[in-house]
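> Enclosed is the structure file data_13.csv (CSV, C-alpha atoms and all ligand atoms).
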```csv
chain,number,residue,atom,x,y,z
F,26,MET,CA,-92.3,16.7,-51.2
F,27,PRO,CA,-90.5,13.7,-49.5
F,28,TYR,CA,-87.6,12.3,-51.4
F,29,THR,CA,-84.6,10.0,-50.9
F,30,LEU,CA,-81.2,11.0,-52.1
F,31,ASN,CA,-78.9,8.1,-52.7
F,32,ALA,CA,-75.2,8.9,-52.9
F,33,LEU,CA,-73.4,6.3,-55.0
F,34,GLU,CA,-70.0,5.0,-53.9
F,35,PHE,CA,-67.8,6.3,-56.7
F,36,GLY,CA,-64.9,4.0,-55.7
F,37,ALA,CA,-67.1,0.9,-55.7
F,38,GLY,CA,-68.2,1.7,-59.3
F,39,THR,CA,-71.9,1.1,-58.5
F,40,HIS,CA,-72.8,3.3,-61.5
F,41,LYS,CA,-70.9,0.9,-63.8
F,42,GLN,CA,-72.7,-2.2,-62.6
F,43,PRO,CA,-75.0,-4.0,-65.1
F,44,GLN,CA,-78.1,-3.5,-63.0
F,45,TYR,CA,-77.5,0.3,-62.7
F,46,LEU,CA,-76.8,0.5,-66.5
F,47,LYS,CA,-79.9,-1.5,-67.3
F,48,ALA,CA,-82.3,0.2,-64.9
F,49,LEU,CA,-81.2,3.7,-64.5
F,50,HIS,CA,-78.4,5.0,-66.7
F,51,PRO,CA,-77.1,3.2,-69.8
F,52,PHE,CA,-74.1,5.5,-70.0
F,53,GLY,CA,-73.0,4.7,-66.4
F,54,ARG,CA,-73.1,8.2,-65.1
F,55,ILE,CA,-74.9,10.2,-62.4
F,56,PRO,CA,-77.5,11.6,-61.7
F,57,ALA,CA,-80.5,9.4,-62.3
F,58,MET,CA,-84.0,9.8,-60.8
F,59,GLU,CA,-87.0,7.6,-60.1
F,60,HIS,CA,-90.5,9.0,-59.5
F,61,GLY,CA,-92.8,6.1,-59.0
F,62,ASP,CA,-92.2,4.0,-62.1
F,63,PHE,CA,-90.9,7.0,-64.1
F,64,ARG,CA,-87.1,6.8,-64.5
F,65,LEU,CA,-85.0,9.7,-65.9
F,66,TYR,CA,-81.3,10.5,-66.4
F,67,GLU,CA,-79.6,13.7,-67.6
F,68,ALA,CA,-79.3,16.5,-65.0
F,69,ALA,CA,-81.1,19.2,-67.0
F,70,ALA,CA,-84.0,16.9,-67.9
F,71,ILE,CA,-84.4,15.8,-64.2
F,72,MET,CA,-84.3,19.5,-63.1
F,73,ARG,CA,-86.9,20.5,-65.6
F,74,TYR,CA,-89.1,17.6,-64.7
F,75,ILE,CA,-89.0,18.4,-61.0
F,76,ASP,CA,-89.8,22.0,-61.7
F,77,ARG,CA,-92.8,21.0,-63.8
F,78,ALA,CA,-94.1,18.1,-61.8
F,79,PHE,CA,-94.0,19.4,-58.2
F,80,PRO,CA,-95.5,22.3,-56.4
F,81,GLY,CA,-93.4,25.1,-55.0
F,82,PRO,CA,-91.8,28.3,-56.4
F,83,ALA,CA,-91.2,28.1,-60.2
F,84,LEU,CA,-87.5,27.7,-61.0
F,85,THR,CA,-88.0,28.8,-64.6
F,86,PRO,CA,-88.6,32.5,-65.2
F,87,ALA,CA,-91.9,33.5,-66.9
F,88,ASP,CA,-90.1,36.1,-69.0
F,89,PRO,CA,-88.9,34.6,-72.3
F,90,LYS,CA,-85.5,36.4,-72.3
F,91,ALA,CA,-84.8,35.5,-68.7
F,92,ALA,CA,-85.8,31.9,-69.5
F,93,ALA,CA,-83.5,31.9,-72.5
F,94,ARG,CA,-80.6,33.1,-70.2
F,95,MET,CA,-81.4,30.2,-67.9
F,96,ASP,CA,-81.3,27.7,-70.9
F,97,GLN,CA,-78.1,29.2,-72.1
F,98,VAL,CA,-76.3,28.8,-68.8
F,99,MET,CA,-77.6,25.2,-68.5
F,100,ASN,CA,-76.1,24.4,-71.9
F,101,ILE,CA,-72.9,26.2,-71.1
F,102,VAL,CA,-72.5,24.0,-68.1
F,103,ASP,CA,-73.2,20.8,-70.2
F,104,TRP,CA,-71.0,21.7,-73.1
F,105,TYR,CA,-68.1,23.8,-71.7
F,106,VAL,CA,-68.0,23.7,-67.9
F,107,MET,CA,-68.4,20.0,-67.6
F,108,PRO,CA,-65.4,19.0,-70.0
F,109,SER,CA,-63.0,21.6,-68.5
F,110,ILE,CA,-63.9,22.7,-65.0
F,111,SER,CA,-65.5,19.5,-63.8
F,112,SER,CA,-64.0,16.6,-65.8
F,113,LYS,CA,-60.5,17.9,-65.9
F,114,ILE,CA,-59.7,20.4,-63.1
F,115,GLY,CA,-62.3,19.3,-60.5
F,116,PHE,CA,-61.9,15.6,-61.1
F,117,ASN,CA,-58.1,15.7,-61.0
F,118,ARG,CA,-57.6,18.2,-58.2
F,119,VAL,CA,-60.5,17.4,-55.9
F,120,VAL,CA,-62.0,13.9,-56.6
F,121,LYS,CA,-58.9,11.9,-57.5
F,122,PRO,CA,-56.9,12.8,-54.3
F,123,ILE,CA,-59.8,11.5,-52.2
F,124,PHE,CA,-59.3,8.1,-53.8
F,125,GLY,CA,-55.5,8.3,-53.9
F,126,LEU,CA,-55.6,8.3,-57.7
F,127,PRO,CA,-52.7,10.0,-59.7
F,128,VAL,CA,-53.4,13.5,-60.9
F,129,ASP,CA,-53.2,14.1,-64.7
F,130,GLU,CA,-51.3,17.4,-64.6
F,131,ALA,CA,-51.4,17.7,-68.4
F,132,ALA,CA,-55.2,17.4,-68.4
F,133,VAL,CA,-55.4,20.1,-65.7
F,134,ALA,CA,-53.1,22.5,-67.6
F,135,GLU,CA,-54.9,21.9,-70.9
F,136,ALA,CA,-58.3,22.7,-69.3
F,137,VAL,CA,-57.3,26.1,-67.8
F,138,PRO,CA,-57.8,28.2,-70.9
F,139,ALA,CA,-61.3,26.7,-71.5
F,140,ALA,CA,-62.1,27.2,-67.8
F,141,ARG,CA,-61.1,30.8,-68.1
F,142,THR,CA,-63.5,31.2,-71.0
F,143,CYS,CA,-66.3,29.6,-69.0
F,144,VAL,CA,-65.8,31.9,-66.1
F,145,ALA,CA,-65.6,35.0,-68.3
F,146,ALA,CA,-68.8,34.0,-70.1
F,147,LEU,CA,-70.7,33.2,-66.9
F,148,GLU,CA,-69.5,36.5,-65.4
F,149,ASP,CA,-70.8,38.3,-68.4
F,150,ILE,CA,-74.2,36.7,-68.1
F,151,LEU,CA,-74.4,37.2,-64.3
F,152,ALA,CA,-73.4,40.9,-64.7
F,153,ASP,CA,-74.8,42.7,-61.7
F,154,LYS,CA,-77.7,40.4,-61.1
F,155,PRO,CA,-77.9,38.1,-58.0
F,156,TYR,CA,-78.6,35.1,-60.2
F,157,PHE,CA,-78.0,34.1,-63.8
F,158,ALA,CA,-81.6,34.7,-65.0
F,159,GLY,CA,-82.4,37.7,-62.8
F,160,GLU,CA,-83.5,38.5,-59.3
F,161,ALA,CA,-84.7,34.9,-58.5
F,162,VAL,CA,-82.8,31.7,-58.4
F,163,SER,CA,-83.5,29.5,-61.4
F,164,LEU,CA,-82.5,26.0,-62.7
F,165,ALA,CA,-79.4,27.6,-64.2
F,166,ASP,CA,-78.0,28.5,-60.8
F,167,LEU,CA,-78.9,25.1,-59.3
F,168,MET,CA,-77.2,23.3,-62.2
F,169,ALA,CA,-74.1,25.5,-62.3
F,170,VAL,CA,-73.4,25.4,-58.6
F,171,ALA,CA,-72.9,21.7,-58.6
F,172,HIS,CA,-69.9,22.2,-60.9
F,173,LEU,CA,-68.6,25.6,-60.0
F,174,ASP,CA,-68.4,25.0,-56.3
F,175,LEU,CA,-65.4,22.6,-57.0
F,176,LEU,CA,-63.4,25.3,-58.8
F,177,PRO,CA,-62.1,27.4,-55.8
F,178,MET,CA,-60.8,24.1,-54.3
F,179,SER,CA,-58.0,23.9,-56.8
F,180,PRO,CA,-55.1,26.4,-57.1
F,181,GLU,CA,-55.9,26.9,-60.8
F,182,GLY,CA,-59.6,27.5,-60.0
F,183,ALA,CA,-58.8,29.9,-57.1
F,184,ASP,CA,-56.6,31.9,-59.5
F,185,ILE,CA,-59.2,32.0,-62.3
F,186,LEU,CA,-61.9,33.1,-59.8
F,187,ALA,CA,-59.8,35.7,-58.0
F,188,GLY,CA,-61.9,38.9,-57.7
F,189,SER,CA,-64.7,37.3,-59.7
F,190,PRO,CA,-68.4,38.2,-59.0
F,191,LEU,CA,-69.0,34.5,-59.2
F,192,LEU,CA,-67.5,34.2,-55.7
F,193,GLY,CA,-70.4,36.3,-54.3
F,194,TRP,CA,-72.8,34.2,-56.3
F,195,LEU,CA,-71.2,31.0,-54.9
F,196,ALA,CA,-71.5,32.3,-51.4
F,197,ARG,CA,-75.2,33.1,-52.0
F,198,MET,CA,-75.8,29.6,-53.4
F,199,ALA,CA,-73.9,28.0,-50.5
F,200,GLU,CA,-76.5,29.4,-48.1
F,201,ARG,CA,-79.3,27.3,-49.7
F,202,PRO,CA,-80.3,24.2,-47.7
F,203,GLY,CA,-80.6,22.2,-51.0
F,204,VAL,CA,-77.1,23.1,-52.0
F,205,GLN,CA,-75.7,22.2,-48.5
F,206,LYS,CA,-77.4,18.8,-48.7
F,207,THR,CA,-75.8,18.0,-52.1
F,208,THR,CA,-72.2,19.0,-51.8
F,209,MET,CA,-69.8,16.8,-53.6
F,210,GLN,CA,-68.5,15.5,-50.3
F,211,LYS,CA,-72.0,14.5,-49.2
F,212,MET,CA,-72.9,13.0,-52.6
F,213,MET,CA,-69.8,10.8,-52.3
F,214,ASN,CA,-70.5,9.9,-48.7
F,215,ARG,CA,-67.4,11.9,-47.6
F,216,ARG,CA,-67.3,14.6,-45.0
A,1,LIG,N1,-74.8,15.2,-69.3
A,1,LIG,C1,-74.8,14.4,-68.1
A,1,LIG,C2,-73.4,14.3,-67.6
A,1,LIG,C3,-73.4,13.2,-66.5
A,1,LIG,C4,-72.0,13.0,-66.0
A,1,LIG,O1,-71.0,13.0,-66.7
A,1,LIG,N2,-71.8,12.8,-64.6
A,1,LIG,C5,-70.5,12.6,-64.0
A,1,LIG,C6,-70.5,13.3,-62.6
A,1,LIG,S1,-70.8,15.0,-62.8
A,1,LIG,C7,-70.3,11.1,-63.8
A,1,LIG,O2,-71.2,10.4,-63.6
A,1,LIG,N3,-69.0,10.8,-63.7
A,1,LIG,C8,-68.6,9.4,-63.4
A,1,LIG,C9,-68.1,8.6,-64.5
A,1,LIG,O3,-68.0,9.2,-65.7
A,1,LIG,O4,-67.8,7.5,-64.3
A,1,LIG,C10,-75.8,15.0,-67.1
A,1,LIG,O5,-75.9,16.2,-67.0
A,1,LIG,O6,-76.4,14.3,-66.4
```
Could you show the structure in this file as structure tokens?

Amino acid sequence: MPYTLNALEFGAGTHKQPQYLKALHPFGRIPAMEHGDFRLYEAAAIMRYIDRAFPGPALTPADPKAAARMDQVMNIVDWYVMPSISSKIGFNRVVKPIFGLPVDEAAVAEAVPAARTCVAALEDILADKPYFAGEAVSLADLMAVAHLDLLPMSPEGADILAGSPLLGWLARMAERPGVQKTTMQKMMNRR
């Protein structure tokens, strides 16, 4: 299915402009999607829509327990990974230096215990499976990788992940063409 991926220029604040707020995302965040005249924001809603609306391998397991694990991981990402690993550690250690913005060391330090809890919970769910919901990749893996791939780039994250089975999972995910096309650097037009 052909698609166009538009990376927004974070520094230019395109996602805070009135036309973006009005047309695509009233909260001024990314991602947002357009399919014909259908517009949608919120990553999990977009992912579920794509899985339901387009042909290709199902990214939601048929087994109710496996599907519940997928949903659980997607909510863990939204509620616990995003405010600690992404908004505090990743934003301060990876994103801000690209733009020469000052690092909030206190925010990073404050996020470390929550980040450890996230990693432990996700390790527990992954257990000895290749993917969070079982043998096949699901929406949970695709949502989580966009956040967790920043973690090894910070000293705190590298320490938290030392010896973790999530490193093997990250390596598996990094082989996927879709993941390679949507790295943080590519989505911000950076190499
Ligand atoms: N729950 C939302 C979170 C969206 C969100 O916070 N996105 C971040 C990037 S991961 C963002 O747009 N940050 C820029 C900003 O807050 O200005 C979703 O999953 O779509």
> Might you pull out every residue within 10 Å of range 75-87 of chain F, with only C-alpha atoms counted and same-chain residues fewer than 3 positions away left off, and present them as a ChimeraX atom specification?
/F:26,58,60,69-72,90-96,158-167
> What's the 9 Å shell around range 187-197 of chain F, counting only C-alpha atoms, without same-chain residues fewer than 6 positions away, as a list in words?
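After dropping sequence-adjacent residues, the list is Val144, Ala145, Leu147, Glu148, Leu151, Ala152, Asp153, Pro155, Tyr156, Asp166, Val170, Leu173, Asp174 and Pro177 of chain F.
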> Could you please extract the residues within 8 Å of ligand LIG 1 (chain A), counting only C-alpha atoms and all ligand atoms, and hand them back as a list in words?
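Result of the 8 Å neighbour search around ligand LIG 1 (chain A): Phe35, Gly38, His40, Lys41, Gly53, Arg54, Ile55, Pro56, Ala57, Tyr66, Glu67, Ala68, Ala69, Asp103, Met107, Ser111, Ser112 and His172 of chain F.
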> Go through F:Glu200, F:Glu59, F:Glu135, F:Asp149 and flag the residue nearest Ser109 in chain F, using only C-alpha atoms for the distances.
F:Glu135
> One decimal, Å: what's the distance from CA of Glu34 in chain F over to CA of Lys113 in chain F, could you say?
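That distance, rounded to one decimal, is 20.0 Å.
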> F:Leu126, F:Ile150, F:Ala131, F:Met168: which is nearest Thr207 in chain F, counting all atoms listed in the file?
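For Thr207 in chain F, the nearest of the given residues is F:Met168.
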> Separation of CA of Arg141 in chain F and CA of Ser179 in chain F, in Å?
13.6 Å
> Interatomic distance between CA of Phe52 in chain F and CA of Arg64 in chain F?
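Interatomic distance here is 14.2 Å.
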> So which residues touch Ala136 in chain F within 7 Å, counting only C-alpha atoms, skipping near sequence neighbours fewer than 2 positions away, as a list in words?
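With the cut-off at 7 Å, the set is Ser109, Lys113, Ile114, Ala132, Val133, Ala134, Pro138, Ala139 and Ala140 of chain F.
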> Pick from F:Pro127, F:Asp184, F:Ala171, F:Phe63: nearest to Lys206 in chain F, with only C-alpha atoms counted?
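Selected residue with least distance to Lys206 in chain F: F:Ala171.
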